[in-house]
>>> print(open('run.cif').read())   # mmCIF, C-alpha atoms and all ligand atoms
data_target
loop_
_atom_site.label_atom_id
_atom_site.label_comp_id
_atom_site.auth_asym_id
_atom_site.auth_seq_id
_atom_site.Cartn_x
_atom_site.Cartn_y
_atom_site.Cartn_z
CA MET A 1 16.54 4.34 -7.37
CA LYS A 2 15.86 2.40 -4.21
CA LYS A 3 17.56 2.54 -0.87
CA PHE A 4 17.09 -0.88 0.75
CA ILE A 5 16.24 -0.82 4.45
CA ASN A 6 15.35 -3.05 7.36
CA ALA A 7 11.55 -2.64 7.69
CA PHE A 8 11.77 -2.87 11.49
CA ASP A 9 14.05 0.19 11.61
CA TYR A 10 11.08 2.09 10.12
CA ALA A 11 8.34 0.42 12.23
CA SER A 12 7.49 3.65 14.05
CA ASP A 13 7.25 5.58 10.74
CA ILE A 14 4.94 2.88 9.38
CA CYS A 15 2.72 2.66 12.47
CA ASN A 16 2.54 6.42 13.06
CA SER A 17 1.60 7.00 9.41
CA MET A 18 -1.38 4.70 9.79
CA GLY A 19 -3.10 7.37 11.87
CA LYS A 20 -3.70 9.32 8.65
CA GLY A 21 -3.53 6.32 6.35
CA ILE A 22 -1.11 4.48 4.10
CA LEU A 23 -1.75 2.63 0.83
CA LEU A 24 -2.04 -1.05 -0.01
CA THR A 25 -1.50 -1.71 -3.71
CA THR A 26 -2.49 -4.79 -5.72
CA LYS A 27 -2.25 -5.85 -9.35
CA VAL A 28 -4.29 -8.34 -11.36
CA GLU A 29 -4.15 -8.84 -15.13
CA GLY A 30 -2.05 -5.72 -15.60
CA GLN A 31 -4.47 -3.51 -13.66
CA VAL A 32 -3.02 -1.78 -10.59
CA ASN A 33 -5.34 -0.72 -7.76
CA THR A 34 -4.57 0.97 -4.48
CA MET A 35 -6.61 1.62 -1.34
CA THR A 36 -6.04 3.50 1.89
CA ILE A 37 -5.60 1.43 5.04
CA GLY A 38 -5.48 2.66 8.60
CA TRP A 39 -5.16 -0.67 10.33
CA GLY A 40 -2.15 -2.95 10.08
CA MET A 41 0.74 -4.49 11.96
CA VAL A 42 4.45 -5.07 11.43
CA GLY A 43 6.04 -8.00 13.27
CA ILE A 44 7.45 -11.48 13.19
CA GLU A 45 5.75 -14.87 12.89
CA TRP A 46 7.21 -18.23 11.88
CA GLY A 47 10.59 -16.50 11.99
CA LYS A 48 9.59 -14.23 9.09
CA PRO A 49 9.06 -10.47 8.89
CA ILE A 50 5.32 -9.92 8.37
CA PHE A 51 2.96 -7.04 7.56
CA ILE A 52 -0.66 -7.81 8.45
CA ALA A 53 -3.33 -5.84 6.57
CA LEU A 54 -6.98 -5.90 7.68
CA VAL A 55 -9.23 -5.70 4.66
CA ARG A 56 -13.04 -5.74 4.77
CA GLU A 57 -14.73 -8.44 2.74
CA SER A 58 -16.52 -5.92 0.50
CA ARG A 59 -13.37 -4.17 -0.78
CA HIS A 60 -12.36 -4.60 -4.40
CA THR A 61 -8.86 -5.02 -2.96
CA LYS A 62 -10.03 -8.17 -1.17
CA SER A 63 -10.95 -9.93 -4.41
CA LEU A 64 -7.72 -8.73 -6.04
CA LEU A 65 -5.65 -10.06 -3.12
CA ASP A 66 -7.43 -13.40 -3.35
CA THR A 67 -6.52 -13.59 -7.05
CA ASN A 68 -2.91 -12.43 -6.75
CA GLY A 69 -1.58 -12.66 -3.21
CA GLU A 70 1.14 -10.09 -3.73
CA PHE A 71 0.92 -6.49 -2.58
CA THR A 72 2.97 -3.45 -1.78
CA VAL A 73 2.47 -1.25 1.24
CA ASN A 74 3.17 2.38 0.38
CA ILE A 75 3.92 4.75 3.22
CA PRO A 76 4.33 8.53 3.00
CA TYR A 77 7.86 9.70 3.79
CA GLY A 78 8.31 13.42 3.44
CA GLU A 79 5.73 15.58 1.71
CA LEU A 80 2.49 14.11 0.41
CA ASP A 81 -0.38 15.52 -1.60
CA ASN A 82 -3.20 15.26 0.95
CA ARG A 83 -5.78 14.38 -1.69
CA ILE A 84 -4.23 10.95 -2.26
CA LEU A 85 -5.25 9.19 0.97
CA GLY A 86 -8.78 10.62 0.98
CA PHE A 87 -9.34 9.72 -2.66
CA CYS A 88 -7.98 6.17 -2.37
CA GLY A 89 -9.98 5.68 0.83
CA THR A 90 -13.34 6.66 -0.63
CA LYS A 91 -13.25 5.55 -4.28
CA SER A 92 -13.27 1.95 -5.39
CA GLY A 93 -11.09 0.41 -8.06
CA ARG A 94 -14.26 -1.32 -9.25
CA ASP A 95 -15.44 2.03 -10.60
CA ILE A 96 -12.31 4.00 -11.49
CA ASP A 97 -8.59 3.76 -12.13
CA LYS A 98 -7.28 5.59 -9.04
CA ILE A 99 -3.66 5.49 -10.20
CA LYS A 100 -4.58 7.24 -13.45
CA GLU A 101 -6.98 9.72 -11.85
CA LEU A 102 -4.32 10.86 -9.37
CA GLY A 103 -1.42 10.64 -11.83
CA LEU A 104 0.56 8.43 -9.44
CA THR A 105 3.98 7.19 -10.60
CA LEU A 106 4.44 3.42 -10.52
CA VAL A 107 7.88 2.05 -9.73
CA GLU A 108 9.12 -1.34 -10.94
CA PRO A 109 9.15 -3.87 -8.07
CA GLU A 110 12.13 -6.07 -7.10
CA SER A 111 10.67 -9.54 -6.59
CA ILE A 112 6.87 -9.43 -6.87
CA SER A 113 4.49 -8.38 -9.64
CA VAL A 114 3.03 -5.33 -7.87
CA PRO A 115 4.73 -1.93 -8.26
CA GLY A 116 5.62 0.66 -5.66
CA ILE A 117 4.38 4.26 -5.81
CA ARG A 118 6.95 7.03 -5.99
CA GLU A 119 4.75 9.58 -4.19
CA LEU A 120 4.63 7.28 -1.10
CA PRO A 121 8.24 6.17 -1.13
CA LEU A 122 8.60 3.94 1.93
CA THR A 123 7.73 0.58 0.38
CA LEU A 124 7.19 -2.98 1.60
CA GLU A 125 6.95 -5.74 -1.00
CA CYS A 126 4.80 -8.51 0.49
CA LYS A 127 3.51 -11.93 -0.47
CA VAL A 128 0.47 -13.38 1.30
CA LEU A 129 1.56 -16.29 3.47
CA TYR A 130 -1.67 -16.79 5.36
CA ARG A 131 -5.16 -15.29 5.57
CA GLN A 132 -7.40 -15.37 8.60
CA GLU A 133 -11.12 -14.63 8.80
CA GLN A 134 -12.28 -13.17 12.09
CA ASP A 135 -13.71 -15.40 14.78
CA LEU A 136 -16.78 -13.31 15.65
CA SER A 137 -17.31 -15.16 18.92
CA GLN A 138 -14.02 -13.71 20.17
CA ILE A 139 -14.74 -10.05 19.36
CA PRO A 140 -15.94 -8.03 22.39
CA GLU A 141 -19.54 -6.81 22.08
CA ASN A 142 -18.60 -3.10 22.29
CA ILE A 143 -16.18 -3.51 19.34
CA LEU A 144 -18.78 -5.42 17.32
CA GLN A 145 -21.23 -2.58 17.88
CA ARG A 146 -18.72 0.15 17.10
CA TYR A 147 -17.07 -1.29 13.99
CA TYR A 148 -19.73 -3.63 12.60
CA PRO A 149 -23.06 -1.93 13.42
CA GLN A 150 -24.62 -3.29 10.21
CA ASP A 151 -26.10 -0.01 8.98
CA VAL A 152 -24.00 0.58 5.84
CA ASP A 153 -23.96 -2.14 3.22
CA GLY A 154 -20.97 -3.49 1.33
CA SER A 155 -21.52 -1.45 -1.86
CA HIS A 156 -20.50 1.75 0.01
CA PRO A 157 -16.83 2.59 0.78
CA GLY A 158 -17.80 3.14 4.43
CA SER A 159 -19.49 -0.27 4.68
CA ASN A 160 -19.69 -1.79 8.13
CA ARG A 161 -21.78 -4.92 7.68
CA ASP A 162 -18.87 -7.01 6.57
CA TYR A 163 -15.92 -8.12 8.65
CA HIS A 164 -12.16 -7.88 8.17
CA ILE A 165 -9.85 -10.51 6.83
CA ALA A 166 -6.27 -10.46 8.10
CA TYR A 167 -3.81 -10.90 5.24
CA TYR A 168 -0.39 -11.88 6.53
CA GLY A 169 2.15 -10.69 3.97
CA GLU A 170 5.72 -11.87 4.27
CA ILE A 171 7.90 -8.79 3.75
CA LEU A 172 10.25 -9.78 0.92
CA ASN A 173 11.82 -6.36 0.33
CA ALA A 174 11.71 -3.00 2.03
CA TYR A 175 13.07 0.20 0.53
CA LEU A 176 12.78 3.93 0.11
CA ILE A 177 12.19 5.10 -3.44
CA THR A 178 14.75 7.85 -3.82
CA ASP A 179 14.08 8.91 -7.43
CA LEU A 180 12.91 12.35 -6.47
CA ILE A 181 16.09 12.99 -4.50
CA SER A 182 18.39 11.47 -7.08
CA ALA A 183 16.71 13.04 -10.15
CA PRO A 184 18.85 16.21 -10.07
CA LEU A 185 21.99 14.05 -9.76
CA SER A 186 20.96 11.91 -12.74
CA PHE A 187 20.39 15.08 -14.74
CA LEU A 188 23.82 16.40 -13.73
CA ARG A 189 25.49 13.11 -14.67
CA GLY A 190 23.67 13.17 -18.06
CA ALA A 191 24.78 16.76 -18.65
CA VAL A 192 28.43 15.91 -17.86
CA LEU A 193 28.35 12.88 -20.19
CA PHE A 194 26.76 14.99 -22.92
CA TYR A 195 29.44 17.66 -22.50
CA ILE A 196 32.22 15.03 -22.69
CA TYR A 197 30.53 13.56 -25.76
CA ILE A 198 30.28 16.84 -27.66
CA SER A 199 33.84 17.71 -26.64
CA GLY A 200 34.91 14.67 -28.65
CA PHE A 201 36.31 12.60 -25.80
CA ILE A 202 33.90 9.68 -26.35
C1 LIG B 301 -8.03 6.81 6.55
C2 LIG B 301 -8.69 5.56 6.00
C3 LIG B 301 -8.31 4.32 6.47
C4 LIG B 301 -8.92 3.15 5.97
N1 LIG B 301 -8.53 1.93 6.44
C5 LIG B 301 -9.08 0.79 5.95
C6 LIG B 301 -8.61 -0.50 6.40
O1 LIG B 301 -7.68 -0.62 7.22
N2 LIG B 301 -9.24 -1.60 5.91
C7 LIG B 301 -10.27 -1.52 4.99
O2 LIG B 301 -10.80 -2.55 4.58
N3 LIG B 301 -10.70 -0.30 4.53
C8 LIG B 301 -10.11 0.84 4.97
N4 LIG B 301 -10.52 2.06 4.49
C9 LIG B 301 -11.58 2.14 3.45
C10 LIG B 301 -11.05 1.81 2.03
O3 LIG B 301 -9.86 2.52 1.76
C11 LIG B 301 -12.13 2.22 0.99
O4 LIG B 301 -13.30 1.47 1.22
C12 LIG B 301 -11.66 2.07 -0.44
O5 LIG B 301 -12.56 2.77 -1.26
C13 LIG B 301 -11.55 0.62 -0.91
O6 LIG B 301 -11.03 0.61 -2.21
P1 LIG B 301 -11.18 -0.65 -3.23
O7 LIG B 301 -12.66 -0.91 -3.36
O8 LIG B 301 -10.57 -0.15 -4.50
O9 LIG B 301 -10.46 -1.78 -2.60
C14 LIG B 301 -9.92 3.24 4.97
C15 LIG B 301 -10.30 4.52 4.48
C16 LIG B 301 -9.69 5.65 4.98
C17 LIG B 301 -10.10 7.00 4.43
#
>>> encode(input="run.cif", output="structure tokens", more="lines below")
Ligand SMILES: Cc1cc2nc3c(=O)[nH]c(=O)nc-3n(C[C@H](O)[C@H](O)[C@H](O)COP(=O)(O)O)c2cc1C
Amino acid sequence: MKKFINAFDYASDICNSMGKGILLTTKVEGQVNTMTIGWGMVGIEWGKPIFIALVRESRHTKSLLDTNGEFTVNIPYGELDNRILGFCGTKSGRDIDKIKELGLTLVEPESISVPGIRELPLTLECKVLYRQEQDLSQIPENILQRYYPQDVDGSHPGSNRDYHIAYYGEILNAYLITDLISAPLSFLRGAVLFYIYISGFI
């Protein structure tokens, strides 16, 4: 089940979670991949609600986003297995199926092709509206040196030679996946129906 929300009502949850990391999930040709992101923004442009993700050029996610410009943003809400963010932030979907390795539960989306993830229930469904490569001439020298020192190449998850691309995703839906909360209720409802059935009422 999903509880639909206004993404801006949860802006502080989204931004505060980025300190530890949230997930950005993509899907191409039936294959779902997810990666940890720590940088992003929620806001408004062209009168539309937007989530901006900053993805380095070397990420597998970058090529997936360029093929299918739909993504979900998956934010922890409540308890989270701490392994998830570390794993998805150090392993590449080029080499392994992170969803399968972690046993994550995919949840059918509302209006895009990319699923949500039940274990990170605060979900934004986004469609890329615009992508912007960085204008290096406008980045202050101290930031260039800190974030792009050019000593780790693009084949490594901690690569720093390549720059970020800003993907502006229009937020089409925002919701909390409430399956875990509602599961006991569904079970109870099933048990009541079963009891009525065997009692001969239906
Ligand atoms: C806490 C944390 C935050 C991260 N934030 C970003 C980010 O905002 N942008 C980015 O390109 N990579 C970020 N990374 C690195 C990617 O998650 C990592 O390179 C990942 O393996 C890429 O997966 P992929 O190759 O399947 O796309 C972060 C990693 C961690 C651990």
>>> residues_near_ligand(input="run.cif", ligand="ligand LIG 301 (chain B)", cutoff="6 Å", atoms="only C-alpha atoms and all ligand atoms", output="ChimeraX atom specification")
/A:20-21,35-39,54-56,59-61,86,88-93,157-158
>>> atom_distance(input="run.cif", atom1="CA of Gly103 (chain A)", atom2="CA of Tyr167 (chain A)")
27.6 Å
>>> atom_distance(input="run.cif", atom1="CA of Ala11 (chain A)", atom2="CA of Asp135 (chain A)")
27.3 Å
>>> atom_distance(input="run.cif", atom1="CA of Leu120 (chain A)", atom2="CA of Glu101 (chain A)")
16.0 Å
>>> closest_residue(input="run.cif", among="A:Ile139, A:Ile112, A:Leu85, A:Ile177", to="Cys126 (chain A)", atoms="only C-alpha atoms")
A:Ile112
>>> residues_around(input="run.cif", residues="Gln132 (chain A)", least_positions_apart="4", cutoff="9 Å", atoms="only C-alpha atoms", output="PyMOL selection string")
chain A and resi 164-168
>>> write_last_selection(input="run.cif", atoms="C-alpha atoms", output="PDB file, in the frame of the given file")
ATOM      1  CA  HIS A 164     -12.160  -7.880   8.170  1.00  0.00           C
ATOM      2  CA  ILE A 165      -9.850 -10.510   6.830  1.00  0.00           C
ATOM      3  CA  ALA A 166      -6.270 -10.460   8.100  1.00  0.00           C
ATOM      4  CA  TYR A 167      -3.810 -10.900   5.240  1.00  0.00           C
ATOM      5  CA  TYR A 168      -0.390 -11.880   6.530  1.00  0.00           C
TER       6      TYR A 168
END
>>> axis_aligned_box(input="run.cif", around="region 115-123 of chain A", padding_each_side="3 Å", output="AutoDock Vina command-line options")
--center_x 6.5 --center_y 3.8 --center_z -3.2 --size_x 10.2 --size_y 17.5 --size_z 16.2
>>> closest_residue(input="run.cif", among="A:Val28, A:Gly116, A:Tyr77, A:Asp162", to="Gln134 (chain A)", atoms="only C-alpha atoms")
A:Asp162
>>> residues_around(input="run.cif", residues="Gln150 (chain A)", least_positions_apart="3", cutoff="12 Å", atoms="only C-alpha atoms", output="ChimeraX atom specification")
/A:144-147,153-154,158-163
>>> write_last_selection(input="run.cif", atoms="C-alpha atoms", output="PDB file, in the frame of the given file")
ATOM      1  CA  LEU A 144     -18.780  -5.420  17.320  1.00  0.00           C
ATOM      2  CA  GLN A 145     -21.230  -2.580  17.880  1.00  0.00           C
ATOM      3  CA  ARG A 146     -18.720   0.150  17.100  1.00  0.00           C
ATOM      4  CA  TYR A 147     -17.070  -1.290  13.990  1.00  0.00           C
ATOM      5  CA  ASP A 153     -23.960  -2.140   3.220  1.00  0.00           C
ATOM      6  CA  GLY A 154     -20.970  -3.490   1.330  1.00  0.00           C
ATOM      7  CA  GLY A 158     -17.800   3.140   4.430  1.00  0.00           C
ATOM      8  CA  SER A 159     -19.490  -0.270   4.680  1.00  0.00           C
ATOM      9  CA  ASN A 160     -19.690  -1.790   8.130  1.00  0.00           C
ATOM     10  CA  ARG A 161     -21.780  -4.920   7.680  1.00  0.00           C
ATOM     11  CA  ASP A 162     -18.870  -7.010   6.570  1.00  0.00           C
ATOM     12  CA  TYR A 163     -15.920  -8.120   8.650  1.00  0.00           C
TER      13      TYR A 163
END
